[in-house]
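Input: a single structure, listed below in structure tokens.
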Amino acid sequence: MQLTKHGHACVVLEDDGRRLVVDPGAFTDPAALDGATAVLVTHEHPDHFVGERLRAALDADPALEVWTNPSVAGQLEGLGGRVHAVGHGDAVTVAGFDVQVHGEWHAVIHPELPRVRNVGFLVAGRVFHPGDAFTVPDTPVPALLLPLHAPWSKTAEVVDYVRAVGAERAFAVHDGLLNDTGLGVVAGLLGERGPGTPTPYARLAPGESVGL
């Protein structure tokens, strides 16, 4: 399976001609949806989900389907059985990929701000995208897509999350708000200048791919 980073929180997973797009939000080139077999959306925030853009992709390809939480599914009304609502504990088959669903809520941004629903997706038992949460699946995770930076997190929590998941390797996502200086600082704290984790960390540049 090939993993390609497409900016901020979006990745594309490809295997045997199937193309699974995860969280194609506003900070992602719309071309990431080109040729998609299916789409996964973790939650409704615009850096992960743009309703008009996803509707346009669904209109352009009648075979395209979406799996997401009930809140996002409700914003895609009128598309019938092509939009599937899933929740924590579900196990589904998406475009030939086995997908397990973990988590229920977005991380707390501030106690006075409402929380939204958020689900994470473990795809083919190989790669876990948690969306905007530090969800720890109750199953081994070979590759963790690590939310590197957000208004709801601090770097100490990122380090502890990597430790808690104990993945074989971690790749940065949710990094679109950091400049090169910030990316370097956080990478150091996740590596040789930090307290240490059991998991090798790497960041893919937009468009860069790695085999899983």
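Residue numbering restarts at 1 for every chain of the structure tokens, chains are lettered A, B, ... in their displayed order, and ligands are numbered from 1 as they appear.
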Problem - Residues near range 177-180 of chain A, cut-off 10 Å, only C-alpha atoms, skip fewer than 2 positions along chain, as a list in words - result: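 Non-adjacent residues within range: His8, Phe27, Leu148, His149, Ala150, Pro151, His174, Asp175, Gly182, Leu183, Gly184, Val185 and Val186 of chain A.
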Sel. of strand (DSSP E or B) residues, range 6-155 of chain A, as an mmCIF file with N, CA, C and O atoms, in the first residue's frame:
data_model
loop_
_atom_site.group_PDB
_atom_site.id
_atom_site.type_symbol
_atom_site.label_atom_id
_atom_site.label_comp_id
_atom_site.auth_asym_id
_atom_site.auth_seq_id
_atom_site.Cartn_x
_atom_site.Cartn_y
_atom_site.Cartn_z
ATOM 1 N N VAL A 11 -4.303 12.620 3.350
ATOM 2 C CA VAL A 11 -3.433 11.604 2.771
ATOM 3 C C VAL A 11 -4.248 10.784 1.782
ATOM 4 O O VAL A 11 -5.474 10.729 1.850
ATOM 5 N N VAL A 12 -3.532 10.151 0.851
ATOM 6 C CA VAL A 12 -4.150 9.232 -0.098
ATOM 7 C C VAL A 12 -3.466 7.877 0.058
ATOM 8 O O VAL A 12 -2.237 7.790 0.091
ATOM 9 N N LEU A 13 -4.276 6.833 0.185
ATOM 10 C CA LEU A 13 -3.781 5.466 0.277
ATOM 11 C C LEU A 13 -4.168 4.730 -0.995
ATOM 12 O O LEU A 13 -5.329 4.742 -1.394
ATOM 13 N N GLU A 14 -3.187 4.109 -1.636
ATOM 14 C CA GLU A 14 -3.414 3.436 -2.919
ATOM 15 C C GLU A 14 -2.898 2.006 -2.861
ATOM 16 O O GLU A 14 -1.818 1.744 -2.326
ATOM 17 N N ASP A 15 -3.689 1.107 -3.420
ATOM 18 C CA ASP A 15 -3.293 -0.291 -3.485
ATOM 19 C C ASP A 15 -4.091 -0.973 -4.584
ATOM 20 O O ASP A 15 -5.323 -0.886 -4.611
ATOM 21 N N ARG A 18 -6.832 0.944 -6.329
ATOM 22 C CA ARG A 18 -7.824 1.602 -5.482
ATOM 23 C C ARG A 18 -7.193 2.831 -4.841
ATOM 24 O O ARG A 18 -6.044 2.784 -4.395
ATOM 25 N N ARG A 19 -7.984 3.910 -4.762
ATOM 26 C CA ARG A 19 -7.452 5.187 -4.258
ATOM 27 C C ARG A 19 -8.390 5.713 -3.172
ATOM 28 O O ARG A 19 -9.504 6.159 -3.450
ATOM 29 N N LEU A 20 -7.919 5.642 -1.925
ATOM 30 C CA LEU A 20 -8.709 6.053 -0.770
ATOM 31 C C LEU A 20 -8.177 7.391 -0.267
ATOM 32 O O LEU A 20 -7.009 7.500 0.130
ATOM 33 N N VAL A 21 -9.035 8.417 -0.273
ATOM 34 C CA VAL A 21 -8.647 9.776 0.124
ATOM 35 C C VAL A 21 -9.195 10.055 1.521
ATOM 36 O O VAL A 21 -10.381 9.848 1.779
ATOM 37 N N VAL A 22 -8.328 10.541 2.410
ATOM 38 C CA VAL A 22 -8.724 10.826 3.787
ATOM 39 C C VAL A 22 -8.582 12.318 4.064
ATOM 40 O O VAL A 22 -7.517 12.897 3.858
ATOM 41 N N ALA A 38 -12.873 6.124 -3.020
ATOM 42 C CA ALA A 38 -13.709 6.386 -1.846
ATOM 43 C C ALA A 38 -13.035 7.462 -1.012
ATOM 44 O O ALA A 38 -11.838 7.746 -1.174
ATOM 45 N N VAL A 39 -13.823 8.071 -0.107
ATOM 46 C CA VAL A 39 -13.324 9.153 0.744
ATOM 47 C C VAL A 39 -13.702 8.855 2.190
ATOM 48 O O VAL A 39 -14.825 8.425 2.478
ATOM 49 N N LEU A 40 -12.760 9.092 3.103
ATOM 50 C CA LEU A 40 -13.004 9.048 4.531
ATOM 51 C C LEU A 40 -12.867 10.455 5.088
ATOM 52 O O LEU A 40 -11.924 11.173 4.730
ATOM 53 N N VAL A 41 -13.787 10.856 5.966
ATOM 54 C CA VAL A 41 -13.730 12.178 6.595
ATOM 55 C C VAL A 41 -13.845 11.986 8.103
ATOM 56 O O VAL A 41 -14.832 11.418 8.588
ATOM 57 N N GLU A 65 -18.039 7.097 -3.117
ATOM 58 C CA GLU A 65 -18.770 7.010 -1.858
ATOM 59 C C GLU A 65 -17.923 7.577 -0.731
ATOM 60 O O GLU A 65 -16.694 7.676 -0.830
ATOM 61 N N VAL A 66 -18.618 7.936 0.375
ATOM 62 C CA VAL A 66 -17.978 8.584 1.520
ATOM 63 C C VAL A 66 -18.357 7.851 2.799
ATOM 64 O O VAL A 66 -19.517 7.471 2.985
ATOM 65 N N TRP A 67 -17.375 7.694 3.693
ATOM 66 C CA TRP A 67 -17.604 7.177 5.038
ATOM 67 C C TRP A 67 -17.160 8.246 6.026
ATOM 68 O O TRP A 67 -16.051 8.779 5.922
ATOM 69 N N THR A 68 -18.003 8.551 7.010
ATOM 70 C CA THR A 68 -17.714 9.635 7.943
ATOM 71 C C THR A 68 -18.591 9.510 9.176
ATOM 72 O O THR A 68 -19.379 8.562 9.302
ATOM 73 N N VAL A 83 -23.361 7.959 1.018
ATOM 74 C CA VAL A 83 -22.743 8.527 2.222
ATOM 75 C C VAL A 83 -23.075 7.617 3.395
ATOM 76 O O VAL A 83 -24.244 7.378 3.705
ATOM 77 N N HIS A 84 -22.039 7.116 4.067
ATOM 78 C CA HIS A 84 -22.204 6.129 5.116
ATOM 79 C C HIS A 84 -21.753 6.721 6.450
ATOM 80 O O HIS A 84 -20.609 7.172 6.583
ATOM 81 N N ALA A 85 -22.634 6.719 7.436
ATOM 82 C CA ALA A 85 -22.304 7.191 8.778
ATOM 83 C C ALA A 85 -21.755 6.029 9.600
ATOM 84 O O ALA A 85 -22.357 4.953 9.660
ATOM 85 N N ALA A 91 -16.616 -1.729 11.986
ATOM 86 C CA ALA A 91 -15.642 -2.302 11.055
ATOM 87 C C ALA A 91 -16.329 -2.433 9.704
ATOM 88 O O ALA A 91 -17.368 -3.095 9.593
ATOM 89 N N VAL A 92 -15.792 -1.763 8.693
ATOM 90 C CA VAL A 92 -16.426 -1.713 7.379
ATOM 91 C C VAL A 92 -15.391 -2.009 6.305
ATOM 92 O O VAL A 92 -14.181 -1.972 6.547
ATOM 93 N N THR A 93 -15.895 -2.292 5.116
ATOM 94 C CA THR A 93 -15.023 -2.450 3.957
ATOM 95 C C THR A 93 -15.256 -1.266 3.031
ATOM 96 O O THR A 93 -16.386 -1.008 2.618
ATOM 97 N N VAL A 94 -14.200 -0.535 2.748
ATOM 98 C CA VAL A 94 -14.271 0.689 1.945
ATOM 99 C C VAL A 94 -13.364 0.527 0.737
ATOM 100 O O VAL A 94 -12.141 0.457 0.881
ATOM 101 N N PHE A 97 -10.711 -1.907 1.105
ATOM 102 C CA PHE A 97 -9.863 -1.784 2.284
ATOM 103 C C PHE A 97 -10.690 -2.107 3.534
ATOM 104 O O PHE A 97 -11.795 -1.599 3.700
ATOM 105 N N ASP A 98 -10.145 -2.926 4.418
ATOM 106 C CA ASP A 98 -10.769 -3.122 5.723
ATOM 107 C C ASP A 98 -10.489 -1.889 6.581
ATOM 108 O O ASP A 98 -9.330 -1.476 6.731
ATOM 109 N N VAL A 99 -11.539 -1.289 7.141
ATOM 110 C CA VAL A 99 -11.400 -0.063 7.921
ATOM 111 C C VAL A 99 -12.073 -0.245 9.274
ATOM 112 O O VAL A 99 -13.251 -0.608 9.345
ATOM 113 N N GLN A 100 -11.326 0.001 10.340
ATOM 114 C CA GLN A 100 -11.863 0.008 11.696
ATOM 115 C C GLN A 100 -11.992 1.458 12.163
ATOM 116 O O GLN A 100 -11.121 2.283 11.890
ATOM 117 N N VAL A 101 -13.076 1.738 12.897
ATOM 118 C CA VAL A 101 -13.365 3.097 13.346
ATOM 119 C C VAL A 101 -13.094 3.204 14.845
ATOM 120 O O VAL A 101 -13.575 2.385 15.634
ATOM 121 N N HIS A 102 -12.325 4.231 15.230
ATOM 122 C CA HIS A 102 -11.949 4.434 16.627
ATOM 123 C C HIS A 102 -12.176 5.883 17.016
ATOM 124 O O HIS A 102 -11.822 6.802 16.279
ATOM 125 N N TRP A 105 -14.916 11.847 19.759
ATOM 126 C CA TRP A 105 -14.978 13.282 19.917
ATOM 127 C C TRP A 105 -13.682 13.966 19.491
ATOM 128 O O TRP A 105 -12.589 13.425 19.664
ATOM 129 N N ARG A 117 -18.117 15.909 16.759
ATOM 130 C CA ARG A 117 -17.811 14.487 16.610
ATOM 131 C C ARG A 117 -16.553 14.305 15.768
ATOM 132 O O ARG A 117 -16.287 15.066 14.837
ATOM 133 N N GLY A 120 -11.608 8.288 14.111
ATOM 134 C CA GLY A 120 -10.342 7.921 13.496
ATOM 135 C C GLY A 120 -10.501 6.642 12.696
ATOM 136 O O GLY A 120 -11.388 5.819 12.991
ATOM 137 N N PHE A 121 -9.653 6.480 11.690
ATOM 138 C CA PHE A 121 -9.764 5.329 10.796
ATOM 139 C C PHE A 121 -8.454 4.541 10.775
ATOM 140 O O PHE A 121 -7.390 5.096 10.459
ATOM 141 N N LEU A 122 -8.547 3.254 11.100
ATOM 142 C CA LEU A 122 -7.423 2.332 10.929
ATOM 143 C C LEU A 122 -7.661 1.569 9.633
ATOM 144 O O LEU A 122 -8.618 0.790 9.527
ATOM 145 N N VAL A 123 -6.808 1.802 8.646
ATOM 146 C CA VAL A 123 -7.010 1.268 7.299
ATOM 147 C C VAL A 123 -6.118 0.053 7.083
ATOM 148 O O VAL A 123 -4.891 0.123 7.261
ATOM 149 N N VAL A 127 -2.410 1.569 8.873
ATOM 150 C CA VAL A 127 -2.186 2.999 9.082
ATOM 151 C C VAL A 127 -3.404 3.608 9.769
ATOM 152 O O VAL A 127 -4.545 3.354 9.369
ATOM 153 N N PHE A 128 -3.150 4.413 10.815
ATOM 154 C CA PHE A 128 -4.226 5.014 11.603
ATOM 155 C C PHE A 128 -4.197 6.525 11.463
ATOM 156 O O PHE A 128 -3.186 7.173 11.751
ATOM 157 N N HIS A 129 -5.340 7.095 11.015
ATOM 158 C CA HIS A 129 -5.530 8.546 10.961
ATOM 159 C C HIS A 129 -6.520 8.900 12.074
ATOM 160 O O HIS A 129 -7.700 8.582 11.986
ATOM 161 N N ALA A 143 1.581 2.075 11.447
ATOM 162 C CA ALA A 143 1.937 3.433 11.038
ATOM 163 C C ALA A 143 0.899 4.410 11.579
ATOM 164 O O ALA A 143 -0.292 4.283 11.297
ATOM 165 N N LEU A 144 1.356 5.391 12.341
ATOM 166 C CA LEU A 144 0.490 6.414 12.925
ATOM 167 C C LEU A 144 0.632 7.708 12.147
ATOM 168 O O LEU A 144 1.748 8.194 11.929
ATOM 169 N N LEU A 145 -0.497 8.270 11.713
ATOM 170 C CA LEU A 145 -0.507 9.615 11.154
ATOM 171 C C LEU A 145 -0.678 10.578 12.321
ATOM 172 O O LEU A 145 -1.742 10.655 12.928
ATOM 173 N N LEU A 146 0.363 11.284 12.651
ATOM 174 C CA LEU A 146 0.479 12.025 13.902
ATOM 175 C C LEU A 146 0.062 13.480 13.737
ATOM 176 O O LEU A 146 0.692 14.230 12.984
ATOM 177 N N PRO A 147 -1.012 13.914 14.432
ATOM 178 C CA PRO A 147 -1.380 15.337 14.395
ATOM 179 C C PRO A 147 -0.295 16.166 15.080
ATOM 180 O O PRO A 147 -0.188 16.211 16.296
#
Could you give me, as a Markdown table, every range 29-118 of chain A residue with an atom at most 12 Å from range 195-210 of chain A, plus its closest atom pair and distance in Å to one decimal, counting only C-alpha atoms, rows ordered by chain then number?
| residue | atom | partner | partner_atom | distance |
| --- | --- | --- | --- | --- |
| A:Asp29 | CA | A:Pro206 | CA | 9.8 |
| A:Ala31 | CA | A:Gly207 | CA | 11.2 |
| A:Ala32 | CA | A:Gly207 | CA | 9.5 |
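Shortest atom-to-atom contact with Leu64 in chain A among A:Ala107, A:Leu212, A:Ala164, A:Ala36: A:Ala36, counting only C-alpha atoms.
Comparing the minimum interatomic distances between Tyr161 in chain A and each of A:Pro140, A:Pro130, A:Gly188, A:Gly103, counting only C-alpha atoms, we find that A:Pro130 sits nearest.
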Practice task
Write down as a PyMOL selection string the residues of range 8-199 of chain A whose backbone DSSP state falls under alpha helix (DSSP H).
Solution key: chain A and resi 51-60+70-74+155-165+180-189
Dump as an mmCIF file, in the first residue's frame, selection limited to C-alpha atoms:
data_model
loop_
_atom_site.group_PDB
_atom_site.id
_atom_site.type_symbol
_atom_site.label_atom_id
_atom_site.label_comp_id
_atom_site.auth_asym_id
_atom_site.auth_seq_id
_atom_site.Cartn_x
_atom_site.Cartn_y
_atom_site.Cartn_z
ATOM 1 C CA GLY A 51 -18.840 20.215 1.747
ATOM 2 C CA GLU A 52 -19.141 21.956 -1.610
ATOM 3 C CA ARG A 53 -15.882 20.465 -2.852
ATOM 4 C CA LEU A 54 -16.819 16.946 -1.817
ATOM 5 C CA ARG A 55 -20.306 17.273 -3.316
ATOM 6 C CA ALA A 56 -18.725 18.358 -6.597
ATOM 7 C CA ALA A 57 -16.510 15.263 -6.591
ATOM 8 C CA LEU A 58 -19.526 13.059 -5.878
ATOM 9 C CA ASP A 59 -21.491 14.719 -8.675
ATOM 10 C CA ALA A 60 -18.602 14.164 -11.086
ATOM 11 C CA PRO A 70 -23.076 11.172 11.525
ATOM 12 C CA SER A 71 -22.558 14.940 11.821
ATOM 13 C CA VAL A 72 -20.675 15.201 8.530
ATOM 14 C CA ALA A 73 -23.044 12.726 6.884
ATOM 15 C CA GLY A 74 -25.905 15.052 7.804
ATOM 16 C CA THR A 155 4.050 19.324 21.943
ATOM 17 C CA ALA A 156 4.277 17.487 25.279
ATOM 18 C CA GLU A 157 0.915 15.894 24.499
ATOM 19 C CA VAL A 158 2.113 14.940 21.012
ATOM 20 C CA VAL A 159 5.130 13.168 22.528
ATOM 21 C CA ASP A 160 2.930 11.351 25.061
ATOM 22 C CA TYR A 161 0.511 10.329 22.315
ATOM 23 C CA VAL A 162 3.290 8.747 20.269
ATOM 24 C CA ARG A 163 4.362 6.844 23.356
ATOM 25 C CA ALA A 164 0.806 5.715 24.132
ATOM 26 C CA VAL A 165 0.127 4.356 20.645
ATOM 27 C CA ASP A 180 9.912 25.607 8.587
ATOM 28 C CA THR A 181 11.248 26.819 11.933
ATOM 29 C CA GLY A 182 8.324 25.335 13.848
ATOM 30 C CA LEU A 183 8.510 22.073 11.927
ATOM 31 C CA GLY A 184 12.173 21.768 12.842
ATOM 32 C CA VAL A 185 11.566 22.484 16.521
ATOM 33 C CA VAL A 186 8.800 19.904 16.835
ATOM 34 C CA ALA A 187 10.775 17.311 14.859
ATOM 35 C CA GLY A 188 13.682 17.772 17.249
ATOM 36 C CA LEU A 189 11.455 17.248 20.277
#
Exercise for the section: Check the smallest atom-to-atom distance from each of A:Gln75, A:Thr42, A:Thr4, A:Ser153 to His110 in chain A using only C-alpha atoms, then report the winner. Expected result: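 Checking each of A:Gln75, A:Thr42, A:Thr4, A:Ser153 against His110 in chain A, counting only C-alpha atoms, the winner is A:Ser153.
Put simply, CA of Pro137 in chain A is 22.0 Å away from CA of Lys5 in chain A.
In this structure, CA of Leu190 in chain A sits 10.0 Å away from CA of Ala170 in chain A.
Take CA of Ala63 in chain A and CA of Gly89 in chain A: the distance between them is 26.0 Å.
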Fill in the blank from the handout: Between A:Arg115, A:His48, A:His43, A:Arg169, smallest distance to Val141 in chain A by only C-alpha atoms belongs to A:Arg169
